[in-house]
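Reproduced below: work_37.cif, with mmCIF, C-alpha atoms.
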data_run
loop_
_atom_site.label_atom_id
_atom_site.label_comp_id
_atom_site.auth_asym_id
_atom_site.auth_seq_id
_atom_site.Cartn_x
_atom_site.Cartn_y
_atom_site.Cartn_z
CA MET C 1169 0.00 0.00 0.00
CA ALA C 1170 1.00 3.65 -0.42
CA TYR C 1171 1.36 5.49 2.86
CA GLU C 1172 0.09 9.00 3.40
CA VAL C 1173 3.14 11.05 4.43
CA VAL C 1174 2.56 14.43 6.08
CA ILE C 1175 5.22 16.97 7.08
CA MET C 1176 4.74 17.94 10.74
CA ARG C 1177 7.63 20.46 10.84
CA ASP C 1178 11.15 20.63 9.44
CA ASN C 1179 12.64 17.11 9.39
CA VAL C 1180 9.58 15.53 11.05
CA TRP C 1181 7.02 13.39 9.22
CA ARG C 1182 3.98 11.38 10.21
CA ILE C 1183 3.41 8.27 8.14
CA GLU C 1184 -0.28 7.36 8.19
CA ASP C 1185 -1.32 3.71 8.01
CA GLY C 1186 -5.09 3.48 8.09
CA GLY C 1187 -5.89 4.69 11.59
CA VAL C 1188 -2.47 4.45 13.18
CA ARG C 1189 0.73 6.35 12.42
CA SER C 1190 4.50 6.23 12.68
CA TYR C 1191 6.72 9.26 13.19
CA LEU C 1192 10.06 9.89 11.52
CA PHE C 1193 12.57 12.41 12.86
CA ALA C 1194 15.70 13.31 10.87
CA GLY C 1195 18.47 14.80 12.98
CA GLY C 1196 21.94 16.08 12.25
CA GLU C 1197 23.52 12.62 12.22
CA ARG C 1198 20.81 9.99 12.67
CA ALA C 1199 17.10 9.42 12.12
CA LEU C 1200 14.50 7.98 14.49
CA LEU C 1201 11.43 5.98 13.42
CA VAL C 1202 8.79 5.56 16.12
CA ASP C 1203 6.51 2.52 15.62
CA THR C 1204 5.78 0.62 12.40
CA GLY C 1205 1.99 0.48 12.00
CA PHE C 1206 -0.20 -2.41 10.86
CA GLY C 1207 2.38 -3.96 8.54
CA THR C 1208 0.45 -3.35 5.33
CA GLY C 1209 3.24 -1.64 3.37
CA ASP C 1210 6.98 -1.29 2.89
CA LEU C 1211 7.69 1.13 5.71
CA LYS C 1212 11.45 0.70 5.56
CA SER C 1213 11.49 1.90 1.95
CA ALA C 1214 9.09 4.74 2.76
CA ALA C 1215 11.41 5.96 5.50
CA ALA C 1216 14.45 5.61 3.25
CA GLY C 1217 12.69 7.79 0.69
CA LEU C 1218 12.47 10.59 3.25
CA THR C 1219 15.97 10.44 4.73
CA SER C 1220 19.25 8.69 3.95
CA LEU C 1221 20.48 8.99 7.55
CA PRO C 1222 21.18 5.85 9.62
CA LEU C 1223 17.87 4.84 11.17
CA THR C 1224 17.00 3.76 14.70
CA LEU C 1225 13.62 2.07 15.30
CA VAL C 1226 11.84 2.53 18.63
CA ASN C 1227 8.51 0.94 19.54
CA THR C 1228 6.39 2.78 22.11
CA HIS C 1229 4.80 -0.61 22.94
CA ALA C 1230 4.12 -3.96 21.31
CA ASP C 1231 0.47 -3.87 20.26
CA GLY C 1232 0.11 -5.35 16.79
CA ASP C 1233 -0.71 -2.03 15.13
CA HIS C 1234 2.62 -0.59 16.32
CA ILE C 1235 5.01 -3.39 15.32
CA GLY C 1236 3.47 -4.52 12.03
CA CYS C 1237 6.57 -3.74 9.92
CA ASN C 1238 9.17 -4.67 12.54
CA HIS C 1239 10.14 -7.66 10.41
CA GLN C 1240 11.59 -5.19 7.88
CA PHE C 1241 14.26 -4.05 10.36
CA GLU C 1242 17.19 -5.71 12.09
CA THR C 1243 16.69 -4.28 15.59
CA ALA C 1244 14.04 -2.42 17.54
CA TYR C 1245 14.34 -0.67 20.88
CA LEU C 1246 11.62 -1.28 23.50
CA TYR C 1247 11.28 -0.98 27.24
CA PRO C 1248 12.21 -4.43 28.64
CA ALA C 1249 8.87 -4.87 30.41
CA GLU C 1250 7.44 -5.14 26.89
CA PHE C 1251 9.75 -7.93 25.70
CA GLU C 1252 7.45 -10.80 26.67
CA TYR C 1253 4.44 -9.22 24.96
CA TYR C 1254 6.59 -8.54 21.88
CA ALA C 1255 7.65 -12.22 21.83
CA GLN C 1256 3.97 -13.24 21.63
CA SER C 1257 3.32 -11.21 18.47
CA GLU C 1258 2.12 -12.83 15.25
CA ARG C 1259 5.47 -12.50 13.45
CA ALA C 1260 7.68 -12.93 16.50
CA SER C 1261 10.19 -15.21 14.75
CA GLU C 1262 10.68 -12.67 11.93
CA ASN C 1263 10.56 -9.44 13.88
CA ALA C 1264 13.46 -7.13 14.59
CA LYS C 1265 15.59 -8.22 17.53
CA PRO C 1266 14.45 -6.33 20.65
CA LEU C 1267 17.04 -4.16 22.37
CA PRO C 1268 16.46 -2.46 25.72
CA LEU C 1269 15.57 1.16 26.32
CA TRP C 1270 15.52 2.20 29.97
CA GLU C 1271 13.98 5.06 31.90
CA SER C 1272 15.94 8.29 31.30
CA ASP C 1273 17.92 6.87 28.37
CA ILE C 1274 18.65 9.55 25.76
CA ILE C 1275 18.22 9.16 21.99
CA ASP C 1276 20.34 11.97 20.52
CA LEU C 1277 19.97 12.44 16.77
CA GLY C 1278 22.99 14.73 16.62
CA GLY C 1279 23.77 18.22 15.44
CA GLY C 1280 21.68 19.87 18.15
CA SER C 1281 18.49 18.68 16.44
CA PHE C 1282 16.39 16.23 18.46
CA ARG C 1283 17.27 14.69 21.80
CA PHE C 1284 14.63 12.35 23.20
CA GLU C 1285 14.42 11.17 26.80
CA VAL C 1286 12.73 7.82 27.47
CA ILE C 1287 9.87 7.96 30.00
CA HIS C 1288 8.31 4.70 31.18
CA ILE C 1289 4.53 5.13 31.39
CA PRO C 1290 2.87 1.76 32.14
CA GLY C 1291 -0.88 1.41 31.91
CA HIS C 1292 -1.85 0.97 28.27
CA THR C 1293 0.72 -1.85 28.38
CA TRP C 1294 3.28 -2.67 31.07
CA GLY C 1295 6.18 -1.50 28.94
CA SER C 1296 4.65 1.56 27.28
CA ILE C 1297 6.99 4.52 26.88
CA ALA C 1298 6.87 8.13 25.78
CA LEU C 1299 9.73 10.09 24.21
CA LEU C 1300 10.29 13.67 25.37
CA ASP C 1301 12.40 16.24 23.52
CA ARG C 1302 12.70 19.10 26.01
CA VAL C 1303 14.40 21.47 23.55
CA ASN C 1304 11.64 21.23 20.94
CA LYS C 1305 9.02 20.53 23.67
CA ILE C 1306 7.63 17.47 21.84
CA LEU C 1307 6.23 14.36 23.54
CA VAL C 1308 5.74 11.26 21.37
CA SER C 1309 3.12 9.37 23.33
CA GLY C 1310 2.21 6.16 21.50
CA ASP C 1311 -1.29 5.16 22.60
CA SER C 1312 -0.98 6.36 26.20
CA VAL C 1313 -1.99 9.99 25.53
CA SER C 1314 -4.46 10.95 22.82
CA GLU C 1315 -7.80 12.59 22.28
CA GLY C 1316 -10.68 10.13 22.30
CA ALA C 1317 -10.67 6.76 24.04
CA VAL C 1318 -7.54 4.80 25.01
CA PHE C 1319 -7.75 0.99 24.91
CA MET C 1320 -7.72 -0.17 28.54
CA PHE C 1321 -9.05 -3.72 28.56
CA GLY C 1322 -7.28 -7.06 28.34
CA PRO C 1323 -4.41 -8.74 30.20
CA VAL C 1324 -1.65 -6.16 29.50
CA ARG C 1325 -3.65 -3.09 30.59
CA SER C 1326 -3.95 -1.35 33.96
CA LEU C 1327 -6.09 1.74 34.49
CA ARG C 1328 -4.54 2.40 37.89
CA ALA C 1329 -1.04 2.29 36.42
CA HIS C 1330 -2.16 4.60 33.62
CA ILE C 1331 -3.44 7.17 36.11
CA ALA C 1332 -0.09 7.07 37.91
CA SER C 1333 1.71 7.50 34.58
CA MET C 1334 -0.40 10.56 33.73
CA GLU C 1335 0.56 12.04 37.10
CA LYS C 1336 4.19 11.33 36.22
CA LEU C 1337 3.80 13.17 32.89
CA LEU C 1338 2.00 16.06 34.57
CA ALA C 1339 5.19 16.74 36.50
CA ARG C 1340 6.86 17.30 33.10
CA ALA C 1341 4.03 19.30 31.52
CA GLY C 1342 6.12 22.48 31.48
CA ASP C 1343 8.47 20.74 29.04
CA ILE C 1344 5.66 19.87 26.61
CA ASP C 1345 4.06 22.12 24.00
CA ALA C 1346 2.98 19.43 21.50
CA ILE C 1347 2.02 15.78 21.95
CA TYR C 1348 2.33 13.45 18.96
CA PRO C 1349 -0.08 10.51 19.54
CA ALA C 1350 -0.37 7.37 17.42
CA HIS C 1351 -4.14 7.74 16.90
CA GLY C 1352 -6.57 10.61 16.50
CA PRO C 1353 -5.73 14.27 16.00
CA THR C 1354 -2.06 15.29 16.02
CA PRO C 1355 -0.47 17.30 17.46
CA ILE C 1356 -2.47 17.84 20.62
CA GLY C 1357 -1.74 19.95 23.69
CA ALA C 1358 -0.40 18.98 27.09
CA ALA C 1359 -3.87 19.54 28.59
CA SER C 1360 -4.81 16.06 27.35
CA ILE C 1361 -2.62 14.54 30.06
CA GLU C 1362 -4.70 16.03 32.88
CA LYS C 1363 -7.94 15.26 31.05
CA LEU C 1364 -6.98 11.58 30.78
CA ARG C 1365 -5.89 11.46 34.41
CA GLY C 1366 -9.20 12.99 35.48
CA ALA C 1367 -11.21 10.61 33.29
CA GLY C 1368 -9.37 7.64 34.79
CA VAL C 1369 -10.05 8.77 38.35
CA LYS C 1370 -13.74 9.31 37.59
CA LEU C 1371 -13.98 5.90 35.91
CA LEU C 1372 -12.56 4.14 38.98
CA ARG C 1373 -15.05 6.02 41.15
CA GLY C 1374 -17.95 4.87 38.95
CA GLU C 1375 -18.75 8.43 37.90
CA LEU C 1376 -18.72 7.93 34.11
CA PRO C 1377 -21.60 6.32 32.17
CA ALA C 1378 -20.94 3.18 30.14
CA LEU C 1379 -21.40 3.91 26.44
CA GLU C 1380 -21.50 1.53 23.51
CA PRO C 1381 -18.22 1.66 21.55
CA PRO C 1382 -18.31 2.50 17.83
CA PHE C 1383 -16.98 -0.96 16.90
CA ASP C 1384 -17.29 -4.50 18.22
CA ILE C 1385 -14.97 -4.98 21.22
CA PRO C 1386 -15.45 -6.69 24.60
CA ALA C 1387 -15.57 -3.38 26.47
CA LYS C 1388 -17.62 -0.25 27.04
CA MET C 1389 -16.57 3.33 26.32
CA TYR C 1390 -16.23 5.88 29.13
CA MET C 1391 -15.67 9.52 28.20
CA ASP C 1392 -15.12 12.81 29.98
CA ALA C 1393 -14.30 16.11 28.24
CA GLY C 1394 -13.44 14.33 24.98
CA HIS C 1395 -11.00 11.93 26.64
CA GLY C 1396 -11.51 8.48 28.13
CA PHE C 1397 -11.14 4.75 27.77
CA PHE C 1398 -12.43 1.54 26.28
CA TYR C 1399 -12.67 -0.42 29.53
#
Please rewrite the model in this file as structure tokens.
Amino acid sequence: MAYEVVIMRDNVWRIEDGGVRSYLFAGGERALLVDTGFGTGDLKSAAAGLTSLPLTLVNTHADGDHIGCNHQFETAYLYPAEFEYYAQSERASENAKPLPLWESDIIDLGGGSFRFEVIHIPGHTWGSIALLDRVNKILVSGDSVSEGAVFMFGPVRSLRAHIASMEKLLARAGDIDAIYPAHGPTPIGAASIEKLRGAGVKLLRGELPALEPPFDIPAKMYMDAGHGFFY
């Protein structure tokens, strides 16, 4: 398939893949690809068509719609708490070899361009991460922060952990002007972090009504101020 490629700002692209997206950042010396979508196209070639810089692949987590083209790459960096989930994926034997990213690790793309700090934010999955560039004030959030409803049902999810992770990100909100989520509108503002935290607290208290989701899943939808969860 042909991807839809959209320029976000100088040397930053979003690569749309039918409801989910990857992000590509080209720095002074290296490039960073964040997530690989559903696996319906040749993402490696698409990225190579945008930059000739050496490429590092990072997965924010190991849901199938974020690792679909991992088999096109040699290595992928994930938080180690995600390794077991990654090993259970459909193409596990073909996928890029997982390498560890730890809390506070830095991904420096060189030349004073982009410098991302790894932040562990469990909840959507146990090994979910965000990437924060404090100079450009960008947070790449995967599925953990977005407008709309975050998936929060199934064995790898924890609403309580997600609330704690939003509180962790709130402490860094002064470093964030733009959030780049994997789904829904992009970019969004840092206010979405507090809105998701508040929705999670209200959901645990039983204060949000159960709504029917717009597609067939074994969960209900709970929303507050445009943010919420499938739970």
- Check which residues satisfy the PyMOL selection byres ((chain C and resi 1285) around 8) in the file shown, then give them as a ChimeraX atom specification. /C:1271-1275,1283-1284,1286-1287,1299-1301
- Item | Shell around Met1391 of chain C at 9 Å using only C-alpha atoms, local window under 5 positions removed, as a PyMOL selection string | chain C and resi 1316-1317+1367+1371+1376-1379+1396-1398
- Item | Within 8 Å of file point (24.9, 18.9, 15.0), counting all atoms listed in the file, expressed as a PyMOL selection string | chain C and resi 1195-1197+1278-1281
- Message: Using the chain letters and numbers from this file, what does the PyMOL selection byres ((chain C and resi 1237) around 7) select? Give the answer as a list in words.
- Response: Thr1204, Gly1205, Phe1206, Gly1207, Leu1211, Ile1235, Gly1236, Asn1238, His1239 and Gln1240 of chain C
- Item | Separation of atom CA of Gly1357 of chain C from atom CA of Asp1203 of chain C, in Å and rounded to one decimal | 20.9 Å
- Task: Run the PyMOL selection byres ((chain C and resi 1359) around 12) against the file shown and list the residues it catches, as a list in words.
- Result: Val1313, Ser1314, Glu1315, Met1334, Leu1337, Leu1338, Arg1340, Ala1341, Gly1342, Ile1344, Asp1345, Ala1346, Ile1347, Pro1355, Ile1356, Gly1357, Ala1358, Ser1360, Ile1361, Glu1362, Lys1363, Leu1364, Arg1365, Gly1366, Ala1393, Gly1394 and His1395 of chain C
- Record the distance separating atom CA of His1292 of chain C and atom CA of His1229 of chain C, expressed in Å with one decimal.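 Taking atom CA of His1292 of chain C as the start and atom CA of His1229 of chain C as the end point, the length is 8.7 Å.
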- Message: Using Å and a single decimal, report how far atom CA of Tyr1245 of chain C sits from atom CA of Ala1216 of chain C.
- Response: 18.7 Å
- Message: Taking all atoms listed in the file into account, name the residue in C:Phe1251, C:Tyr1171, C:Trp1270, C:Phe1282 that is nearest to Ala1199 of chain C.
- Response: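 Closest to Ala1199 of chain C of all the choices is C:Phe1282.
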- Task: Using only C-alpha atoms, pick whichever of C:Met1389, C:Leu1192, C:Ala1332, C:Ala1170 has the shortest atom-to-atom distance to Tyr1348 of chain C.
- Result: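 Answer, going by the shortest atom-to-atom distance: C:Leu1192.
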- Message: Need to verify the contact set: Pro1290 of chain C, 9 Å, only C-alpha atoms, exclusion of same-chain residues closer than 3 positions in sequence. Can you return it as a VMD selection string?
- Response: chain C and resid 1293 to 1297 1312 1325 to 1326 1329 to 1330 1332 to 1333
Put a box with edges along x, y and z around all the listed atoms of segment 1290-1298 of chain C, pad it by 3 Å on each side, then give me its centre and sizes in Å, one decimal, as lines of an AutoDock Vina configuration file.
center_x = 2.6
center_y = 2.7
center_z = 29.0
size_x = 14.8
size_y = 16.8
size_z = 12.4
- Between C:Val1226, C:Leu1277, C:Leu1246, C:Ile1289, which one has atoms that come closest to Arg1328 of chain C, using all atoms listed in the file?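 Distance minimum relative to Arg1328 of chain C lands on C:Ile1289.
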- Item | Which of C:Val1369, C:Leu1218, C:Val1202, C:Leu1327 sits closest to Asn1179 of chain C [using only C-alpha atoms] | C:Leu1218
- Task: Go through C:Gly1291, C:Gly1187, C:Gly1310, C:Gly1209 and flag the residue nearest Thr1228 of chain C, using all atoms listed in the file for the distances.
- Result: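 Counting all atoms listed in the file, the residue closest to Thr1228 of chain C is C:Gly1310.
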- Option closest in space to Leu1200 of chain C, from C:Leu1221, C:Leu1372, C:Ala1214, C:Val1188 [counting all atoms listed in the file]: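 Under the stated criterion, the closest residue is C:Leu1221.
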Write only N, CA and C atoms for segment 1228-1264 of chain C from the block just shown, as a compact mmCIF listing (two decimals), in the first residue's frame.
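Below you can see part24.txt, which holds the result:
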# COMPACT_ATOMS: atom_id res chain seq x y z
N THR C 1228 6.94 2.27 20.85
CA THR C 1228 6.39 2.78 22.11
C THR C 1228 5.78 1.66 22.94
N HIS C 1229 5.32 0.60 22.28
CA HIS C 1229 4.80 -0.61 22.94
C HIS C 1229 4.60 -1.65 21.86
N ALA C 1230 4.12 -2.82 22.24
CA ALA C 1230 4.12 -3.96 21.31
C ALA C 1230 2.74 -4.39 20.85
N ASP C 1231 1.74 -3.54 20.90
CA ASP C 1231 0.47 -3.87 20.26
C ASP C 1231 0.71 -4.09 18.77
N GLY C 1232 -0.12 -4.94 18.16
CA GLY C 1232 0.11 -5.35 16.79
C GLY C 1232 0.10 -4.22 15.78
N ASP C 1233 -0.65 -3.14 16.07
CA ASP C 1233 -0.71 -2.03 15.13
C ASP C 1233 0.47 -1.06 15.29
N HIS C 1234 1.43 -1.43 16.13
CA HIS C 1234 2.62 -0.59 16.32
C HIS C 1234 3.91 -1.31 15.93
N ILE C 1235 3.82 -2.60 15.66
CA ILE C 1235 5.01 -3.39 15.32
C ILE C 1235 4.83 -4.14 14.01
N GLY C 1236 3.84 -3.75 13.21
CA GLY C 1236 3.47 -4.52 12.03
C GLY C 1236 4.56 -4.65 10.98
N CYS C 1237 5.46 -3.66 10.89
CA CYS C 1237 6.57 -3.74 9.92
C CYS C 1237 7.91 -3.97 10.61
N ASN C 1238 7.91 -4.43 11.85
CA ASN C 1238 9.17 -4.67 12.54
C ASN C 1238 10.03 -5.73 11.86
N HIS C 1239 9.38 -6.62 11.11
CA HIS C 1239 10.14 -7.66 10.41
C HIS C 1239 11.01 -7.08 9.29
N GLN C 1240 10.80 -5.82 8.93
CA GLN C 1240 11.59 -5.19 7.88
C GLN C 1240 12.90 -4.58 8.42
N PHE C 1241 13.10 -4.67 9.72
CA PHE C 1241 14.26 -4.05 10.36
C PHE C 1241 15.06 -5.08 11.15
N GLU C 1242 16.32 -4.78 11.36
CA GLU C 1242 17.19 -5.71 12.09
C GLU C 1242 16.97 -5.66 13.59
N THR C 1243 16.85 -4.45 14.15
CA THR C 1243 16.69 -4.28 15.59
C THR C 1243 15.62 -3.25 15.88
N ALA C 1244 15.03 -3.37 17.06
CA ALA C 1244 14.04 -2.42 17.54
C ALA C 1244 14.25 -2.22 19.04
N TYR C 1245 14.18 -0.98 19.46
CA TYR C 1245 14.34 -0.67 20.88
C TYR C 1245 12.97 -0.58 21.56
N LEU C 1246 12.84 -1.30 22.69
CA LEU C 1246 11.62 -1.28 23.50
C LEU C 1246 12.01 -1.26 24.97
N TYR C 1247 11.06 -0.86 25.81
CA TYR C 1247 11.28 -0.98 27.24
C TYR C 1247 11.22 -2.47 27.59
N PRO C 1248 12.14 -2.98 28.41
CA PRO C 1248 12.21 -4.43 28.64
C PRO C 1248 10.95 -5.07 29.21
N ALA C 1249 10.13 -4.31 29.92
CA ALA C 1249 8.87 -4.87 30.41
C ALA C 1249 7.93 -5.26 29.27
N GLU C 1250 8.25 -4.83 28.07
CA GLU C 1250 7.44 -5.14 26.89
C GLU C 1250 7.97 -6.34 26.11
N PHE C 1251 9.13 -6.85 26.48
CA PHE C 1251 9.75 -7.93 25.70
C PHE C 1251 8.87 -9.17 25.59
N GLU C 1252 8.26 -9.58 26.69
CA GLU C 1252 7.45 -10.80 26.67
C GLU C 1252 6.25 -10.64 25.76
N TYR C 1253 5.58 -9.50 25.84
CA TYR C 1253 4.44 -9.22 24.96
C TYR C 1253 4.89 -9.19 23.50
N TYR C 1254 6.03 -8.59 23.23
CA TYR C 1254 6.59 -8.54 21.88
C TYR C 1254 6.85 -9.95 21.36
N ALA C 1255 7.34 -10.84 22.23
CA ALA C 1255 7.65 -12.22 21.83
C ALA C 1255 6.40 -13.02 21.50
N GLN C 1256 5.23 -12.55 21.92
CA GLN C 1256 3.97 -13.24 21.63
C GLN C 1256 3.31 -12.74 20.35
N SER C 1257 3.94 -11.81 19.65
CA SER C 1257 3.32 -11.21 18.47
C SER C 1257 3.25 -12.21 17.31
N GLU C 1258 2.42 -11.91 16.35
CA GLU C 1258 2.12 -12.83 15.25
C GLU C 1258 3.36 -13.20 14.45
N ARG C 1259 4.27 -12.26 14.26
CA ARG C 1259 5.47 -12.50 13.45
C ARG C 1259 6.72 -12.50 14.33
N ALA C 1260 6.60 -13.02 15.52
CA ALA C 1260 7.68 -12.93 16.50
C ALA C 1260 9.00 -13.48 15.96
N SER C 1261 8.95 -14.59 15.23
CA SER C 1261 10.19 -15.21 14.75
C SER C 1261 10.88 -14.38 13.66
N GLU C 1262 10.13 -13.49 13.01
CA GLU C 1262 10.68 -12.67 11.93
C GLU C 1262 11.01 -11.25 12.37
N ASN C 1263 10.47 -10.84 13.50
CA ASN C 1263 10.56 -9.44 13.88
C ASN C 1263 11.97 -9.02 14.24
N ALA C 1264 12.19 -7.71 14.19
CA ALA C 1264 13.46 -7.13 14.59
C ALA C 1264 13.83 -7.59 16.00
